[in-house]
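Here is the structure we will look at, set down as structure tokens.
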Amino acid sequence: MNLNLTEEQLAVRDAARDFAQNVLKPGVIERDRDQRFPADEIRQLGELGFMGMMVDPQYGGSGMDTVSYVLAMEEISKVDASASVCMSVNNSLVCYGLQEFGTEEQKQKFLVPLASGQKIGAFCLSEPEAGSDATSQRTTAVDMGDHYLLNGTKNWITNGNSASTYLVIAQTDPEKGHRGINALIVERDMPGFQIGAKEDKLGIRGSDTHTLMFQDVKVPKENRIGEDGFGFKFAMKTLSGGRIGIAAQALGIASGAMELAIAYSKERKAFGKEIHKHQAIGFKLADMATQIEAARLLTLKSAALKDAGENYDLASSMAKLYASEVAMKQTVEAVQIHGGYGYVKEYHVERLMRDAKITQIYEGTSEVQKIVISRAVLSE
Ligand code: CAA
């Protein structure tokens with residue numbers, strides 16, 4: 001793996017950093033407090049090409065590599081993980097899924113507006129009774145000849161109310177188990193589709209997470225992604241890349257907290273000297289920096305494998321597992337370094353600590369990553 005970033009990759013990172021510091025940072029505390037989706041900021045991210053980063057320019061994307069995507073995700077997540085989860089789902093679940101497995105017609109109709117930032121997408125797999133056990137889909141898509149009749153409920157859907165295009169995973173033939181599942185493109189205005197309650201969450205409070213209900217929604221056959229029965233594999237393949245995005249998000253949350261902790265430790269004095277000069281704080285910062293660098297290397301490795309066209313399933317699960325554990329542990333330490341100031345909103349680290357928790361849960365819990373990793377190493 002080449003550890004030197006190219007000029008282009010550095011320019012993408014700097015552009016994302018500028019946007020995060022100058023546009024996202026000023027209102028982030030208020031958006032978190034009010035649970036307000038960063039609609040205007042996401043629109044601007046789209047105009048800058050950050051919503052379809054890896055999509056071919058012929059389909060409205062920026063044609064960048066996955067390493068650039070990781071660098072941008074880290075910078076945006078240092079400041080606003082609610083904006084970065086919207087960006088991650090749109091880029092690595094929805095746009096990737098359509099670019100890789102969609103038909104030419106599906107790409108023209110759905111991918112172009114999503115990749116160019118005119119519309120937002122959502123990925124709908126989780127259900128009230130099917131989270132980690134994703135093959136147990138209760139949502140049904142009954143084959144009616146020229147269309148599917150979609151019925152069921154999806155839970156915890158990121159971009160639930162801000163999206164226009166929804167990739168919905170549903171069971172068509174229960175007797176075939178995971179081989180009877182399909183992935184369908186559902187449009188917001190299809191009759192029978194209802195957006196339910198917004199979740200009141202611990203963290204990523206600016207991200208709009210909703211329950212979605214489908215009652216006799218007629219989805220045309222041409223909206224199915226891939227062959228009949230491809231839906232589960234579609235979800236797994238797409239989530240493999242999604243996990244690179246969430247690893248990068250966790251990395252950004254952790255490195256954002258570290259930057260704040262370092263700055264604070266140089267300003268704050270106790271017992272006659274800056275607190276970083278106390279070994280108790282210096283050693284915390286050393287552990288933080290080392291673990292964050294290890295998380296960064298795992299995340300960049302999984303991105304580099306994807307860019308090289310190699311298998312990245314194991315690498316992305318390792319990156320997501322490790323980076324999310326580091327984010328949780330080290331944001332707690334960043335709050336500790338700040339003392340009482342760390343517990344109040346003005347200092348940003350308490351939000352990063354709350355935001356970190358979800359990275360251990362969504363796009364496959366830490367326990368799911370350990371299933372993927374243990375199966376892979378045991379089969380080697
Ligand atoms: N690529 C291609 N195929 C894959 C695959 C992959 N990465 N992983 C599994 N498969 C295939 C298997 O080969 C198998 O196919 P065959 O029978 O033809 O060989 C089939 O899929 C079933 O696989 P498993 O037997 O491994 O399935 P399992 O029931 O044991 O489950 C699991 C495996 C890893 C636990 C999986 O269910 C899983 O990943 N669960 C977590 C789901 C998840 O991440 N949910 C997150 C929700 S989305 C979200 O959070 C988005 C958001 O809004 C932020």
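Residues are referred to by chain and number: the chain letter is A, B, ... according to the order shown in the structure tokens, the number counts from 1 in that chain, and ligands are numbered separately from 1 in the order shown.
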
Please give me, as a CSV table (one decimal) with C-alpha atoms, in the first residue's frame, the residues lying within 7 Å of ligand 1 when counting only C-alpha atoms and all ligand atoms.
chain,number,residue,atom,x,y,z
A,85,VAL,CA,-23.7,9.9,8.0
A,89,VAL,CA,-25.2,6.5,3.2
A,123,PHE,CA,-30.9,2.3,2.3
A,124,CYS,CA,-33.6,0.3,4.0
A,125,LEU,CA,-32.6,-3.0,5.4
A,126,SER,CA,-33.2,-3.0,9.2
A,131,GLY,CA,-31.3,-6.0,12.5
A,132,SER,CA,-28.1,-8.0,12.8
A,133,ASP,CA,-30.0,-11.1,11.5
A,134,ALA,CA,-30.6,-9.5,8.2
A,135,THR,CA,-31.8,-12.6,6.3
A,156,TRP,CA,-33.8,3.3,12.0
A,157,ILE,CA,-33.6,4.6,8.4
A,158,THR,CA,-30.9,7.3,8.0
A,178,HIS,CA,-31.8,-15.3,1.6
A,232,PHE,CA,-29.5,-10.2,0.1
A,233,LYS,CA,-26.2,-10.4,-1.7
A,236,MET,CA,-24.0,-7.6,1.8
A,237,LYS,CA,-21.8,-6.3,-1.0
A,239,LEU,CA,-22.6,-2.8,3.2
A,240,SER,CA,-19.0,-4.0,2.8
A,313,ASP,CA,-14.8,-7.6,2.9
A,362,TYR,CA,-25.0,0.8,12.5
A,363,GLU,CA,-23.9,-0.8,9.3
A,364,GLY,CA,-23.3,-4.0,11.3
A,365,THR,CA,-22.6,-3.9,15.1
A,368,VAL,CA,-21.5,-8.6,13.5
A,371,ILE,CA,-18.7,-12.7,12.9
A,372,VAL,CA,-17.5,-11.6,9.5

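Residues in contact range of Gln336 of chain A, defined as at most 10 Å between only C-alpha atoms, with sequence neighbours fewer than 6 positions away removed, read Ala261, Ile281, Lys284, Gln330, Gly342, Tyr343, Val349 and Glu350 of chain A.
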
Dump of N, CA and C atoms for the selected residues, as a PDB file, in the first residue's frame:
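Written file, again.pdb:
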ATOM      1  N   ALA A 261      -8.690  17.885  22.399  1.00  0.00           N
ATOM      2  CA  ALA A 261      -8.025  17.543  23.664  1.00  0.00           C
ATOM      3  C   ALA A 261      -6.599  18.105  23.691  1.00  0.00           C
ATOM      4  N   ILE A 281      -1.894  13.121  31.619  1.00  0.00           N
ATOM      5  CA  ILE A 281      -2.541  13.615  30.396  1.00  0.00           C
ATOM      6  C   ILE A 281      -1.703  13.269  29.171  1.00  0.00           C
ATOM      7  N   LYS A 284      -2.261   9.750  28.108  1.00  0.00           N
ATOM      8  CA  LYS A 284      -3.594   9.584  27.456  1.00  0.00           C
ATOM      9  C   LYS A 284      -3.507  10.017  25.997  1.00  0.00           C
ATOM     10  N   GLN A 330     -11.803   6.759  22.904  1.00  0.00           N
ATOM     11  CA  GLN A 330     -10.998   7.977  22.948  1.00  0.00           C
ATOM     12  C   GLN A 330     -11.830   9.253  23.064  1.00  0.00           C
ATOM     13  N   GLY A 342     -15.506  19.502  29.599  1.00  0.00           N
ATOM     14  CA  GLY A 342     -15.840  18.472  28.618  1.00  0.00           C
ATOM     15  C   GLY A 342     -17.279  18.022  28.696  1.00  0.00           C
ATOM     16  N   TYR A 343     -17.916  18.319  29.832  1.00  0.00           N
ATOM     17  CA  TYR A 343     -19.290  17.843  30.052  1.00  0.00           C
ATOM     18  C   TYR A 343     -20.330  18.848  29.572  1.00  0.00           C
ATOM     19  N   VAL A 349     -16.697  18.265  22.770  1.00  0.00           N
ATOM     20  CA  VAL A 349     -16.299  16.860  22.949  1.00  0.00           C
ATOM     21  C   VAL A 349     -17.430  15.978  23.468  1.00  0.00           C
ATOM     22  N   GLU A 350     -18.347  16.532  24.251  1.00  0.00           N
ATOM     23  CA  GLU A 350     -19.454  15.676  24.735  1.00  0.00           C
ATOM     24  C   GLU A 350     -20.315  15.211  23.550  1.00  0.00           C
TER      25      GLU A 350
END

Practice prompt. Calculate how many Å separate atom CA of Leu352 of chain A from atom CA of Ala250 of chain A, rounding to one decimal.
Written response: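 These atoms are spaced 9.7 Å apart.
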
For Met213 of chain A, the nearest of the candidates A:Gln137, A:Thr153, A:Ser116, A:Thr172, counting only C-alpha atoms
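Using only C-alpha atoms, the shortest distance to Met213 of chain A belongs to A:Thr153.
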
Could you check the closest approach to Ala235 of chain A for each of A:Ala270, A:Glu187, A:Gly196, A:Val168 and tell me which residue wins, using only C-alpha atoms?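 Of the candidates, the smallest distance to Ala235 of chain A is held by A:Val168.
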
Between atom CA of Ser162 of chain A and atom CA of Gly102 of chain A, measure the distance and give it in Å to one decimal.
->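 Interatomic distance here is 22.2 Å.
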
_Contacts of Ala289 of chain A at 10 Å (only C-alpha atoms; same-chain gap of 6+ positions) as a list in words_ = Ala254, Ser255, Met258, Glu259, Phe283, Ala295 and Gln330 of chain A

Residues as selected, all heavy atoms, written as a short mmCIF file (atom, residue, chain, number, x, y, z; two decimals), in the first residue's frame, can you do that?
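File produced: result_36.cif:
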data_model
loop_
_atom_site.label_atom_id
_atom_site.label_comp_id
_atom_site.auth_asym_id
_atom_site.auth_seq_id
_atom_site.Cartn_x
_atom_site.Cartn_y
_atom_site.Cartn_z
N ALA A 254 -13.02 10.43 16.33
CA ALA A 254 -11.90 10.26 17.27
C ALA A 254 -10.83 11.32 17.06
O ALA A 254 -10.32 11.92 18.02
CB ALA A 254 -11.30 8.86 17.09
N SER A 255 -10.47 11.57 15.79
CA SER A 255 -9.39 12.54 15.58
C SER A 255 -9.85 13.96 15.86
O SER A 255 -9.06 14.80 16.31
CB SER A 255 -8.75 12.39 14.19
OG SER A 255 -9.70 12.53 13.18
N MET A 258 -9.47 14.27 19.50
CA MET A 258 -8.05 14.39 19.87
C MET A 258 -7.54 15.81 19.63
O MET A 258 -6.82 16.37 20.47
CB MET A 258 -7.20 13.39 19.10
CG MET A 258 -5.74 13.46 19.49
SD MET A 258 -4.72 12.18 18.75
CE MET A 258 -4.55 12.82 17.10
N GLU A 259 -7.92 16.39 18.49
CA GLU A 259 -7.47 17.76 18.20
C GLU A 259 -7.94 18.72 19.30
O GLU A 259 -7.19 19.59 19.76
CB GLU A 259 -7.99 18.24 16.83
CG GLU A 259 -7.24 17.58 15.68
CD GLU A 259 -7.77 17.96 14.30
OE1 GLU A 259 -8.62 18.88 14.20
OE2 GLU A 259 -7.34 17.32 13.32
N PHE A 283 0.26 10.77 28.62
CA PHE A 283 0.13 9.34 28.25
C PHE A 283 -1.24 9.06 27.62
O PHE A 283 -1.35 8.24 26.71
CB PHE A 283 0.35 8.45 29.48
CG PHE A 283 1.81 8.20 29.80
CD1 PHE A 283 2.80 9.01 29.25
CD2 PHE A 283 2.19 7.18 30.65
CE1 PHE A 283 4.15 8.79 29.55
CE2 PHE A 283 3.53 6.95 30.95
CZ PHE A 283 4.52 7.76 30.40
N ALA A 295 -6.17 3.02 13.46
CA ALA A 295 -7.51 3.02 12.84
C ALA A 295 -7.43 3.63 11.43
O ALA A 295 -8.05 3.15 10.49
CB ALA A 295 -8.50 3.79 13.69
N GLN A 330 -11.80 6.76 22.90
CA GLN A 330 -11.00 7.98 22.95
C GLN A 330 -11.83 9.25 23.06
O GLN A 330 -11.32 10.27 23.53
CB GLN A 330 -10.04 8.03 21.74
CG GLN A 330 -9.02 6.89 21.76
CD GLN A 330 -8.18 6.83 23.04
OE1 GLN A 330 -8.18 7.76 23.85
NE2 GLN A 330 -7.47 5.73 23.24
#

- [ ] Just the residues within 8 Å of Ala20 of chain A, please, counting only C-alpha atoms, with nothing from its chain fewer than 2 positions along; format it as an NGL selection string.
- [x] :A and (16-18 or 22-25 or 75-76 or 78-80)

Taken to one decimal, the atom CA of Gly245 of chain A-atom CA of Val70 of chain A distance is 6.5 Å

task = Name the residues of segment 91-178 of chain A that fall into strand (DSSP E or B) according to DSSP on the backbone, using the chain letters and numbers of this document, as a PyMOL selection string.
result = chain A and resi 121-124+127+130+140-143+147-158+165-171

How would the residues just picked look written out with N, CA and C atoms as an mmCIF file, in the first residue's frame?
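Generated file (selection_36.cif):
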data_model
loop_
_atom_site.group_PDB
_atom_site.id
_atom_site.type_symbol
_atom_site.label_atom_id
_atom_site.label_comp_id
_atom_site.auth_asym_id
_atom_site.auth_seq_id
_atom_site.Cartn_x
_atom_site.Cartn_y
_atom_site.Cartn_z
ATOM 1 N N GLY A 121 -30.494 9.836 -1.022
ATOM 2 C CA GLY A 121 -30.976 8.452 -0.996
ATOM 3 C C GLY A 121 -30.941 7.852 0.399
ATOM 4 N N ALA A 122 -31.706 6.752 0.558
ATOM 5 C CA ALA A 122 -31.710 6.016 1.839
ATOM 6 C C ALA A 122 -31.606 4.518 1.541
ATOM 7 N N PHE A 123 -31.077 3.781 2.498
ATOM 8 C CA PHE A 123 -30.854 2.340 2.347
ATOM 9 C C PHE A 123 -31.683 1.656 3.432
ATOM 10 N N CYS A 124 -32.629 0.816 3.026
ATOM 11 C CA CYS A 124 -33.624 0.321 3.978
ATOM 12 C C CYS A 124 -33.528 -1.193 4.139
ATOM 13 N N GLU A 127 -35.212 -3.837 10.227
ATOM 14 C CA GLU A 127 -36.647 -3.927 10.543
ATOM 15 C C GLU A 127 -36.806 -4.075 12.051
ATOM 16 N N ALA A 130 -35.559 -7.527 12.474
ATOM 17 C CA ALA A 130 -34.416 -7.998 11.686
ATOM 18 C C ALA A 130 -33.372 -6.893 11.606
ATOM 19 N N THR A 140 -42.437 -7.825 2.790
ATOM 20 C CA THR A 140 -42.639 -8.715 1.649
ATOM 21 C C THR A 140 -42.777 -7.918 0.351
ATOM 22 N N ALA A 141 -42.252 -8.512 -0.724
ATOM 23 C CA ALA A 141 -42.404 -7.944 -2.077
ATOM 24 C C ALA A 141 -42.976 -9.075 -2.927
ATOM 25 N N VAL A 142 -44.304 -9.098 -3.019
ATOM 26 C CA VAL A 142 -44.957 -10.209 -3.729
ATOM 27 C C VAL A 142 -44.933 -9.928 -5.230
ATOM 28 N N ASP A 143 -44.504 -10.943 -5.979
ATOM 29 C CA ASP A 143 -44.386 -10.809 -7.439
ATOM 30 C C ASP A 143 -45.780 -10.828 -8.071
ATOM 31 N N HIS A 147 -45.226 -5.956 -11.592
ATOM 32 C CA HIS A 147 -44.778 -5.150 -10.446
ATOM 33 C C HIS A 147 -44.689 -6.024 -9.184
ATOM 34 N N TYR A 148 -44.069 -5.465 -8.148
ATOM 35 C CA TYR A 148 -44.060 -6.107 -6.828
ATOM 36 C C TYR A 148 -45.011 -5.335 -5.927
ATOM 37 N N LEU A 149 -45.698 -6.079 -5.039
ATOM 38 C CA LEU A 149 -46.547 -5.429 -4.046
ATOM 39 C C LEU A 149 -45.791 -5.454 -2.721
ATOM 40 N N LEU A 150 -45.421 -4.262 -2.270
ATOM 41 C CA LEU A 150 -44.520 -4.139 -1.120
ATOM 42 C C LEU A 150 -45.315 -3.831 0.148
ATOM 43 N N ASN A 151 -45.086 -4.648 1.210
ATOM 44 C CA ASN A 151 -45.752 -4.436 2.495
ATOM 45 C C ASN A 151 -44.765 -4.669 3.628
ATOM 46 N N GLY A 152 -44.783 -3.772 4.625
ATOM 47 C CA GLY A 152 -43.913 -3.987 5.780
ATOM 48 C C GLY A 152 -43.437 -2.681 6.387
ATOM 49 N N THR A 153 -42.525 -2.823 7.346
ATOM 50 C CA THR A 153 -42.011 -1.659 8.088
ATOM 51 C C THR A 153 -40.491 -1.738 8.165
ATOM 52 N N LYS A 154 -39.836 -0.608 7.954
ATOM 53 C CA LYS A 154 -38.379 -0.519 8.114
ATOM 54 C C LYS A 154 -38.073 0.439 9.268
ATOM 55 N N ASN A 155 -37.030 0.112 10.016
ATOM 56 C CA ASN A 155 -36.676 0.897 11.207
ATOM 57 C C ASN A 155 -35.309 1.557 11.076
ATOM 58 N N TRP A 156 -35.123 2.644 11.812
ATOM 59 C CA TRP A 156 -33.817 3.295 11.979
ATOM 60 C C TRP A 156 -33.252 3.757 10.637
ATOM 61 N N ILE A 157 -34.092 4.264 9.749
ATOM 62 C CA ILE A 157 -33.599 4.572 8.411
ATOM 63 C C ILE A 157 -32.985 5.974 8.354
ATOM 64 N N THR A 158 -31.682 5.997 8.115
ATOM 65 C CA THR A 158 -30.937 7.254 7.961
ATOM 66 C C THR A 158 -31.437 7.978 6.712
ATOM 67 N N THR A 165 -35.208 8.865 -2.837
ATOM 68 C CA THR A 165 -35.030 7.533 -3.441
ATOM 69 C C THR A 165 -34.616 6.562 -2.340
ATOM 70 N N TYR A 166 -35.330 5.442 -2.252
ATOM 71 C CA TYR A 166 -35.099 4.481 -1.162
ATOM 72 C C TYR A 166 -34.790 3.111 -1.753
ATOM 73 N N LEU A 167 -33.678 2.509 -1.337
ATOM 74 C CA LEU A 167 -33.370 1.140 -1.752
ATOM 75 C C LEU A 167 -33.906 0.228 -0.648
ATOM 76 N N VAL A 168 -34.943 -0.550 -0.981
ATOM 77 C CA VAL A 168 -35.657 -1.326 0.036
ATOM 78 C C VAL A 168 -35.414 -2.826 -0.180
ATOM 79 N N ILE A 169 -34.986 -3.499 0.866
ATOM 80 C CA ILE A 169 -34.718 -4.939 0.814
ATOM 81 C C ILE A 169 -35.971 -5.655 1.345
ATOM 82 N N ALA A 170 -36.479 -6.635 0.583
ATOM 83 C CA ALA A 170 -37.723 -7.302 0.999
ATOM 84 C C ALA A 170 -37.744 -8.757 0.527
ATOM 85 N N GLN A 171 -38.535 -9.556 1.242
ATOM 86 C CA GLN A 171 -38.620 -10.997 0.967
ATOM 87 C C GLN A 171 -39.683 -11.281 -0.109
#

Q.
Give me, as a list of chain:residue names, the residues of segment 110-224 of chain A that a backbone DSSP run labels alpha helix (DSSP H).
A. A:Val112, A:Pro113, A:Leu114, A:Ala115

Taking 5 positions as the minimum chain separation for residues in the same chain, which residues sit within 10 Å of Ile358 of chain A when counting only C-alpha atoms? Answer as a PDB file with N, CA and C atoms, in the first residue's frame.
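Written output follows (part-v3.pdb):
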ATOM      1  N   LYS A 201     -32.665  10.725  19.369  1.00  0.00           N
ATOM      2  CA  LYS A 201     -31.498   9.884  19.607  1.00  0.00           C
ATOM      3  C   LYS A 201     -30.479  10.485  20.589  1.00  0.00           C
ATOM      4  N   LEU A 202     -29.609   9.597  21.090  1.00  0.00           N
ATOM      5  CA  LEU A 202     -28.490  10.008  21.958  1.00  0.00           C
ATOM      6  C   LEU A 202     -27.505  10.889  21.189  1.00  0.00           C
ATOM      7  N   GLY A 203     -27.129  10.430  19.991  1.00  0.00           N
ATOM      8  CA  GLY A 203     -26.130  11.153  19.194  1.00  0.00           C
ATOM      9  C   GLY A 203     -26.610  11.318  17.764  1.00  0.00           C
ATOM     10  N   ILE A 204     -25.729  11.769  16.896  1.00  0.00           N
ATOM     11  CA  ILE A 204     -26.052  12.157  15.505  1.00  0.00           C
ATOM     12  C   ILE A 204     -27.492  12.702  15.420  1.00  0.00           C
ATOM     13  N   ILE A 246     -18.181   4.176   7.338  1.00  0.00           N
ATOM     14  CA  ILE A 246     -18.426   4.334   8.785  1.00  0.00           C
ATOM     15  C   ILE A 246     -17.105   4.257   9.567  1.00  0.00           C
ATOM     16  N   ALA A 250     -15.936   7.121  12.094  1.00  0.00           N
ATOM     17  CA  ALA A 250     -15.459   6.884  13.463  1.00  0.00           C
ATOM     18  C   ALA A 250     -14.066   7.488  13.642  1.00  0.00           C
ATOM     19  N   SER A 324     -14.379   2.127  15.233  1.00  0.00           N
ATOM     20  CA  SER A 324     -15.528   2.503  16.071  1.00  0.00           C
ATOM     21  C   SER A 324     -15.222   2.279  17.555  1.00  0.00           C
ATOM     22  N   MET A 328     -15.151   5.350  20.394  1.00  0.00           N
ATOM     23  CA  MET A 328     -15.884   5.357  21.671  1.00  0.00           C
ATOM     24  C   MET A 328     -14.922   5.582  22.841  1.00  0.00           C
ATOM     25  N   MET A 353     -18.536  12.407  21.820  1.00  0.00           N
ATOM     26  CA  MET A 353     -18.663  11.175  22.608  1.00  0.00           C
ATOM     27  C   MET A 353     -20.029  10.529  22.356  1.00  0.00           C
ATOM     28  N   GLU A 363     -24.628  -0.144  10.356  1.00  0.00           N
ATOM     29  CA  GLU A 363     -23.924  -0.843   9.262  1.00  0.00           C
ATOM     30  C   GLU A 363     -23.177  -2.079   9.779  1.00  0.00           C
ATOM     31  N   THR A 365     -23.169  -4.175  13.759  1.00  0.00           N
ATOM     32  CA  THR A 365     -22.615  -3.940  15.095  1.00  0.00           C
ATOM     33  C   THR A 365     -21.180  -4.486  15.183  1.00  0.00           C
TER      34      THR A 365
END

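Among the candidates A:Ile262, A:Ala248, A:Cys86, A:Leu297, the one nearest to Asp208 of chain A when counting only C-alpha atoms is A:Cys86.
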
Q) Which is closer to Ser88 of chain A than all the others in A:Asn2, A:Gln106, A:Thr238, A:Gln58, using only C-alpha atoms? A)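 Smallest distance to Ser88 of chain A is found for A:Thr238.
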
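Distances here use only C-alpha atoms; by that measure, the residue among A:His276, A:Arg179, A:Arg354, A:Arg243 closest to Lys306 of chain A is A:Arg243.
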